[in-house]
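Asks: Dropping in upload_37.cif, with mmCIF, C-alpha atoms.
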data_input
#
loop_
_atom_site.label_atom_id
_atom_site.label_comp_id
_atom_site.auth_asym_id
_atom_site.auth_seq_id
_atom_site.Cartn_x
_atom_site.Cartn_y
_atom_site.Cartn_z
CA SER A 1 0.83 -88.46 50.62
CA ASP A 2 3.13 -90.88 48.81
CA SER A 3 3.39 -90.70 45.03
CA PRO A 4 5.10 -92.79 42.30
CA ASN A 5 8.09 -90.42 42.45
CA ARG A 6 8.60 -89.73 46.16
CA TYR A 7 7.51 -90.54 49.67
CA GLY A 8 5.06 -88.29 51.49
CA ALA A 9 5.67 -86.41 54.74
CA ILE A 10 4.29 -89.15 57.01
CA ALA A 11 6.35 -91.92 55.38
CA ARG A 12 9.49 -89.76 55.57
CA TRP A 13 8.83 -88.90 59.21
CA LEU A 14 8.36 -92.56 60.12
CA HIS A 15 11.51 -93.54 58.20
CA TRP A 16 13.84 -90.98 59.77
CA THR A 17 12.34 -91.35 63.25
CA MET A 18 12.95 -95.09 63.14
CA PHE A 19 16.49 -94.49 61.91
CA ALA A 20 17.13 -92.15 64.86
CA LEU A 21 15.62 -94.58 67.38
CA ILE A 22 17.71 -97.48 66.08
CA ALA A 23 20.87 -95.36 66.35
CA VAL A 24 20.02 -94.28 69.91
CA GLN A 25 19.16 -97.83 70.98
CA MET A 26 22.33 -99.32 69.53
CA VAL A 27 24.64 -96.72 71.07
CA GLY A 28 22.81 -96.89 74.40
CA GLY A 29 22.73 -100.68 74.39
CA ILE A 30 26.50 -100.86 74.05
CA PHE A 31 27.11 -98.86 77.24
CA LEU A 32 24.19 -99.99 79.43
CA GLU A 33 26.05 -102.80 81.17
CA ASP A 34 29.02 -100.51 81.87
CA LEU A 35 26.96 -98.20 84.07
CA PRO A 36 27.42 -98.64 87.86
CA LYS A 37 25.02 -101.25 89.21
CA GLY A 38 22.47 -99.87 91.63
CA SER A 39 23.02 -96.29 90.46
CA ALA A 40 20.18 -93.93 89.54
CA LEU A 41 21.81 -93.37 86.15
CA ARG A 42 21.75 -97.09 85.36
CA GLY A 43 18.09 -97.38 86.32
CA PHE A 44 17.18 -94.32 84.25
CA ALA A 45 19.16 -95.60 81.26
CA PHE A 46 17.52 -99.05 81.33
CA ASP A 47 14.05 -97.51 81.73
CA GLY A 48 14.75 -95.25 78.78
CA HIS A 49 16.03 -98.12 76.67
CA GLU A 50 12.92 -100.17 77.40
CA THR A 51 10.59 -97.23 76.75
CA VAL A 52 12.18 -96.41 73.41
CA GLY A 53 12.00 -100.10 72.47
CA ILE A 54 8.23 -100.15 72.98
CA VAL A 55 7.87 -96.90 71.04
CA ALA A 56 9.89 -98.49 68.22
CA ILE A 57 7.50 -101.46 68.05
CA LEU A 58 4.49 -99.14 67.82
CA LEU A 59 6.15 -97.02 65.14
CA VAL A 60 7.11 -100.06 63.06
CA LEU A 61 3.55 -101.32 63.17
CA ALA A 62 2.31 -97.85 62.19
CA ARG A 63 4.84 -97.74 59.36
CA ILE A 64 3.77 -101.13 58.04
CA ALA A 65 0.10 -100.10 58.16
CA TRP A 66 0.92 -96.87 56.34
CA LYS A 67 3.00 -98.66 53.73
CA LEU A 68 0.24 -101.15 53.00
CA SER A 69 -2.38 -98.42 52.63
CA HIS A 70 -0.13 -95.92 50.84
CA PRO A 71 2.23 -97.70 48.40
CA GLY A 72 5.31 -95.62 47.74
CA PRO A 73 7.66 -95.40 44.76
CA ALA A 74 8.83 -98.64 43.17
CA PRO A 75 12.50 -99.58 43.71
CA GLU A 76 15.00 -98.31 41.16
CA GLY A 77 17.36 -100.51 39.15
CA THR A 78 17.21 -103.85 37.38
CA GLY A 79 14.85 -106.69 38.26
CA LEU A 80 17.50 -108.31 40.47
CA GLN A 81 18.23 -105.02 42.24
CA GLN A 82 14.53 -104.46 42.86
CA ALA A 83 14.14 -107.98 44.25
CA LEU A 84 17.11 -107.46 46.57
CA ALA A 85 15.70 -104.12 47.71
CA LYS A 86 12.33 -105.69 48.55
CA ALA A 87 14.00 -108.58 50.39
CA GLY A 88 16.14 -106.12 52.34
CA HIS A 89 13.10 -104.11 53.38
CA VAL A 90 11.26 -107.22 54.54
CA ALA A 91 14.29 -108.23 56.62
CA LEU A 92 14.54 -104.71 58.09
CA TYR A 93 10.89 -104.72 59.15
CA ALA A 94 11.20 -108.21 60.64
CA LEU A 95 14.26 -107.25 62.67
CA MET A 96 12.81 -103.90 63.77
CA ILE A 97 9.99 -105.91 65.37
CA ALA A 98 12.01 -108.89 66.58
CA VAL A 99 14.74 -106.94 68.40
CA PRO A 100 12.47 -105.01 70.81
CA VAL A 101 10.06 -107.94 71.24
CA VAL A 102 12.92 -110.24 72.28
CA GLY A 103 14.27 -107.47 74.52
CA TYR A 104 10.88 -107.14 76.22
CA ALA A 105 10.72 -110.90 76.76
CA MET A 106 14.27 -110.89 78.14
CA VAL A 107 13.47 -108.27 80.79
CA ASP A 108 10.26 -110.13 81.62
CA ALA A 109 12.11 -113.42 82.07
CA LYS A 110 14.60 -111.71 84.37
CA GLY A 111 11.72 -110.87 86.70
CA TYR A 112 11.83 -107.10 86.15
CA ASP A 113 9.03 -104.78 85.15
CA VAL A 114 9.32 -103.38 81.62
CA ALA A 115 9.29 -99.58 81.84
CA PHE A 116 7.16 -97.42 79.58
CA PHE A 117 7.23 -93.71 80.38
CA GLY A 118 7.12 -94.38 84.12
CA TRP A 119 4.53 -97.15 83.94
CA SER A 120 5.12 -100.88 83.97
CA GLY A 121 4.29 -102.97 80.93
CA PRO A 122 2.29 -106.19 81.31
CA ASP A 123 4.07 -109.40 82.30
CA PHE A 124 3.93 -112.29 79.85
CA LEU A 125 6.62 -114.64 81.17
CA ALA A 126 7.46 -116.14 84.53
CA LYS A 127 10.91 -115.49 85.96
CA ASP A 128 13.37 -117.91 84.37
CA ALA A 129 17.11 -117.26 84.60
CA ASP A 130 18.07 -119.73 81.86
CA LEU A 131 15.46 -118.36 79.45
CA ALA A 132 16.54 -114.81 80.26
CA LYS A 133 20.16 -115.65 79.44
CA SER A 134 19.18 -117.21 76.10
CA LEU A 135 16.97 -114.24 75.23
CA ASN A 136 19.74 -111.84 76.21
CA GLN A 137 22.11 -113.51 73.74
CA LEU A 138 19.45 -113.57 71.02
CA HIS A 139 18.59 -109.91 71.62
CA GLU A 140 22.22 -108.91 71.24
CA ARG A 141 22.75 -110.93 68.06
CA LEU A 142 19.58 -109.66 66.44
CA ALA A 143 20.52 -106.09 67.36
CA TRP A 144 23.90 -106.41 65.67
CA LEU A 145 22.27 -108.04 62.66
CA LEU A 146 19.86 -105.11 62.43
CA THR A 147 22.75 -102.67 62.68
CA GLY A 148 24.58 -104.42 59.85
CA LEU A 149 21.47 -104.45 57.69
CA VAL A 150 20.91 -100.73 58.31
CA ALA A 151 24.52 -100.11 57.28
CA VAL A 152 23.93 -102.04 54.04
CA HIS A 153 20.72 -100.05 53.50
CA VAL A 154 22.60 -96.76 53.90
CA ALA A 155 25.41 -97.92 51.61
CA ALA A 156 22.88 -98.94 48.95
CA ALA A 157 21.20 -95.52 49.15
CA PHE A 158 24.54 -93.77 48.60
CA TRP A 159 25.38 -96.16 45.76
CA HIS A 160 22.13 -95.26 44.05
CA HIS A 161 22.84 -91.56 44.56
CA PHE A 162 26.52 -91.33 43.69
CA GLY A 163 26.93 -94.44 41.53
CA LEU A 164 23.71 -94.92 39.61
CA ARG A 165 22.74 -91.25 40.07
CA ASP A 166 19.03 -91.95 40.30
CA GLY A 167 16.41 -90.51 42.66
CA THR A 168 16.34 -93.28 45.28
CA LEU A 169 17.91 -91.25 48.09
CA ARG A 170 16.37 -87.87 47.36
CA ARG A 171 12.80 -89.15 47.25
CA MET A 172 13.10 -89.89 50.98
CA LEU A 173 14.50 -86.41 51.72
CA PRO A 174 12.43 -83.30 52.62
CA ALA A 175 10.48 -81.57 49.84
CA ARG A 176 13.08 -78.84 49.35
CA ALA A 177 15.84 -81.33 48.66
CA PHE A 178 13.62 -83.34 46.34
CA ALA A 179 12.72 -80.23 44.34
CA ARG A 180 16.39 -79.85 43.48
CA CYS A 181 16.47 -83.26 41.85
CA HIS A 182 14.92 -83.34 38.39
CA LEU A 183 14.17 -86.80 37.04
CA THR A 184 14.09 -86.73 33.26
CA ALA A 185 11.66 -89.03 31.50
CA SER A 186 14.28 -91.19 29.86
CA HIS A 187 17.41 -90.96 32.00
CA ARG A 188 16.12 -90.24 35.56
CA ARG A 189 19.19 -88.21 36.42
CA CYS A 190 19.52 -85.80 39.33
CA SER A 191 20.41 -82.19 38.51
CA LEU A 192 21.17 -79.34 40.91
CA THR A 193 17.91 -77.46 40.40
CA SER A 194 14.43 -78.18 39.15
CA VAL A 195 13.99 -77.68 35.42
CA PRO A 196 11.80 -74.72 34.34
CA LYS A 197 8.76 -75.34 32.14
CA THR A 198 10.31 -74.29 28.88
CA ALA A 199 11.08 -76.00 25.62
CA SER A 200 14.49 -76.96 26.99
CA SER A 201 12.90 -78.90 29.85
CA SER A 202 12.02 -81.74 27.49
CA SER A 203 15.67 -82.36 26.74
CA THR A 204 16.96 -85.85 27.52
CA ASP A 205 20.55 -84.74 27.98
CA PRO A 206 21.93 -87.15 30.60
CA THR A 207 24.65 -84.72 31.80
CA VAL A 208 24.83 -84.39 35.56
CA SER A 209 26.25 -81.28 37.17
CA PRO A 210 29.23 -82.03 39.47
CA ALA A 211 27.79 -79.48 41.89
CA MET A 212 25.00 -81.90 42.80
CA PHE A 213 27.44 -83.98 44.83
CA LEU A 214 28.14 -81.00 47.09
CA THR A 215 24.53 -80.62 48.21
#
As structure tokens - that is how I would like this structure written.
Replies:
Amino acid sequence: SDSPNRYGAIARWLHWTMFALIAVQMVGGIFLEDLPKGSALRGFAFDGHETVGIVAILLVLARIAWKLSHPGPAPEGTGLQQALAKAGHVALYALMIAVPVVGYAMVDAKGYDVAFFGWSGPDFLAKDADLAKSLNQLHERLAWLLTGLVAVHVAAAFWHHFGLRDGTLRRMLPARAFARCHLTASHRRCSLTSVPKTASSSSTDPTVSPAMFLT
């Protein structure tokens, strides 16, 4: 489970699965309209896009429930940096829900069935061409906003790792990678290997091995 120093296996799985789904949806969404109309490939691609969107909603809700019941590590950095990190996470969660929900509504308003692993999702809206057009534009804008926010999130993680040299990035990595990052009590610096339980392990030497940047 999650601890004050790192995220547990379930939180890490949810995080990286959502990252992969967002990447797949964004790349796929860019090329969907370019596929030949009426082709089997286009139909399969749209069905897949809709299915993954519903899966994403369910995973986000599961991730929120897990986060509320299993608080993870506190953000690193100053008070302002922590506040920005929390605001960024709230925005990410909001967009990860809004993008697929608006997409679902858009397909519904177009008069099509929303695909989910070969089944049709429930209809909530009557066919409305004008509404569908507005939702289509909103879906696209929100998707690009989510992509930009994910890019900022990734950049911030690398900044913490290579600039501040703290444990922000590694605590979301698999256990093996985390074990190679020792956080000292006073400096919270990452070293190449875990520190053995000897008298030297209590040292507060802030030196960071250059080799850590190659891992």
Asks: Name the residues in contact with region 144-157 of chain A at a cut-off of 7 Å, using only C-alpha atoms, excluding same-chain residues fewer than 5 positions from it; report them as a list in words.
Replies: Leu92, Leu95, Thr168 and Leu169 of chain A
Asks: Quick one: which residues end up in the PyMOL selection byres ((chain A and resi 51) around 10) for this structure, as a PDB file with C-alpha atoms, keeping the file's coordinate frame?
Replies:
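And here's out.pdb as it stands now:
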ATOM      1  CA  ALA A  45      19.160 -95.600  81.260  1.00  0.00           C
ATOM      2  CA  PHE A  46      17.520 -99.050  81.330  1.00  0.00           C
ATOM      3  CA  ASP A  47      14.050 -97.510  81.730  1.00  0.00           C
ATOM      4  CA  GLY A  48      14.750 -95.250  78.780  1.00  0.00           C
ATOM      5  CA  HIS A  49      16.030 -98.120  76.670  1.00  0.00           C
ATOM      6  CA  GLU A  50      12.920-100.170  77.400  1.00  0.00           C
ATOM      7  CA  VAL A  52      12.180 -96.410  73.410  1.00  0.00           C
ATOM      8  CA  GLY A  53      12.000-100.100  72.470  1.00  0.00           C
ATOM      9  CA  ILE A  54       8.230-100.150  72.980  1.00  0.00           C
ATOM     10  CA  VAL A  55       7.870 -96.900  71.040  1.00  0.00           C
ATOM     11  CA  ALA A  56       9.890 -98.490  68.220  1.00  0.00           C
ATOM     12  CA  PRO A 100      12.470-105.010  70.810  1.00  0.00           C
ATOM     13  CA  TYR A 104      10.880-107.140  76.220  1.00  0.00           C
ATOM     14  CA  VAL A 114       9.320-103.380  81.620  1.00  0.00           C
ATOM     15  CA  ALA A 115       9.290 -99.580  81.840  1.00  0.00           C
ATOM     16  CA  PHE A 116       7.160 -97.420  79.580  1.00  0.00           C
ATOM     17  CA  PHE A 117       7.230 -93.710  80.380  1.00  0.00           C
ATOM     18  CA  GLY A 118       7.120 -94.380  84.120  1.00  0.00           C
ATOM     19  CA  TRP A 119       4.530 -97.150  83.940  1.00  0.00           C
ATOM     20  CA  SER A 120       5.120-100.880  83.970  1.00  0.00           C
ATOM     21  CA  GLY A 121       4.290-102.970  80.930  1.00  0.00           C
TER      22      GLY A 121
END
Asks: What does the PyMOL selection byres ((chain A and resi 98) around 10) select in this file, as a ChimeraX atom specification?
Replies: /A:57,92-97,99-104,138-139,142-143,146
Asks: Write out, as an mmCIF file, in the frame of the given file, the residues just selected, with C-alpha atoms.
Replies:
data_model
loop_
_atom_site.group_PDB
_atom_site.id
_atom_site.type_symbol
_atom_site.label_atom_id
_atom_site.label_comp_id
_atom_site.auth_asym_id
_atom_site.auth_seq_id
_atom_site.Cartn_x
_atom_site.Cartn_y
_atom_site.Cartn_z
ATOM 1 C CA ILE A 57 7.500 -101.460 68.050
ATOM 2 C CA LEU A 92 14.540 -104.710 58.090
ATOM 3 C CA TYR A 93 10.890 -104.720 59.150
ATOM 4 C CA ALA A 94 11.200 -108.210 60.640
ATOM 5 C CA LEU A 95 14.260 -107.250 62.670
ATOM 6 C CA MET A 96 12.810 -103.900 63.770
ATOM 7 C CA ILE A 97 9.990 -105.910 65.370
ATOM 8 C CA VAL A 99 14.740 -106.940 68.400
ATOM 9 C CA PRO A 100 12.470 -105.010 70.810
ATOM 10 C CA VAL A 101 10.060 -107.940 71.240
ATOM 11 C CA VAL A 102 12.920 -110.240 72.280
ATOM 12 C CA GLY A 103 14.270 -107.470 74.520
ATOM 13 C CA TYR A 104 10.880 -107.140 76.220
ATOM 14 C CA LEU A 138 19.450 -113.570 71.020
ATOM 15 C CA HIS A 139 18.590 -109.910 71.620
ATOM 16 C CA LEU A 142 19.580 -109.660 66.440
ATOM 17 C CA ALA A 143 20.520 -106.090 67.360
ATOM 18 C CA LEU A 146 19.860 -105.110 62.430
#
Asks: Restricting the calculation to all atoms listed in the file: of A:Leu58, A:Ala83, A:Ala9, A:Leu41, which residue gets closest to Met172 (chain A)?
Replies: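 Counting all atoms listed in the file, the residue closest to Met172 (chain A) is A:Ala9.
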Asks: Calculated over only C-alpha atoms, which of the candidates A:Leu59, A:Ala126, A:Leu135, A:Leu80 has the smallest distance to Ile10 (chain A)?
Replies: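 For Ile10 (chain A), the nearest of the candidates is A:Leu59.
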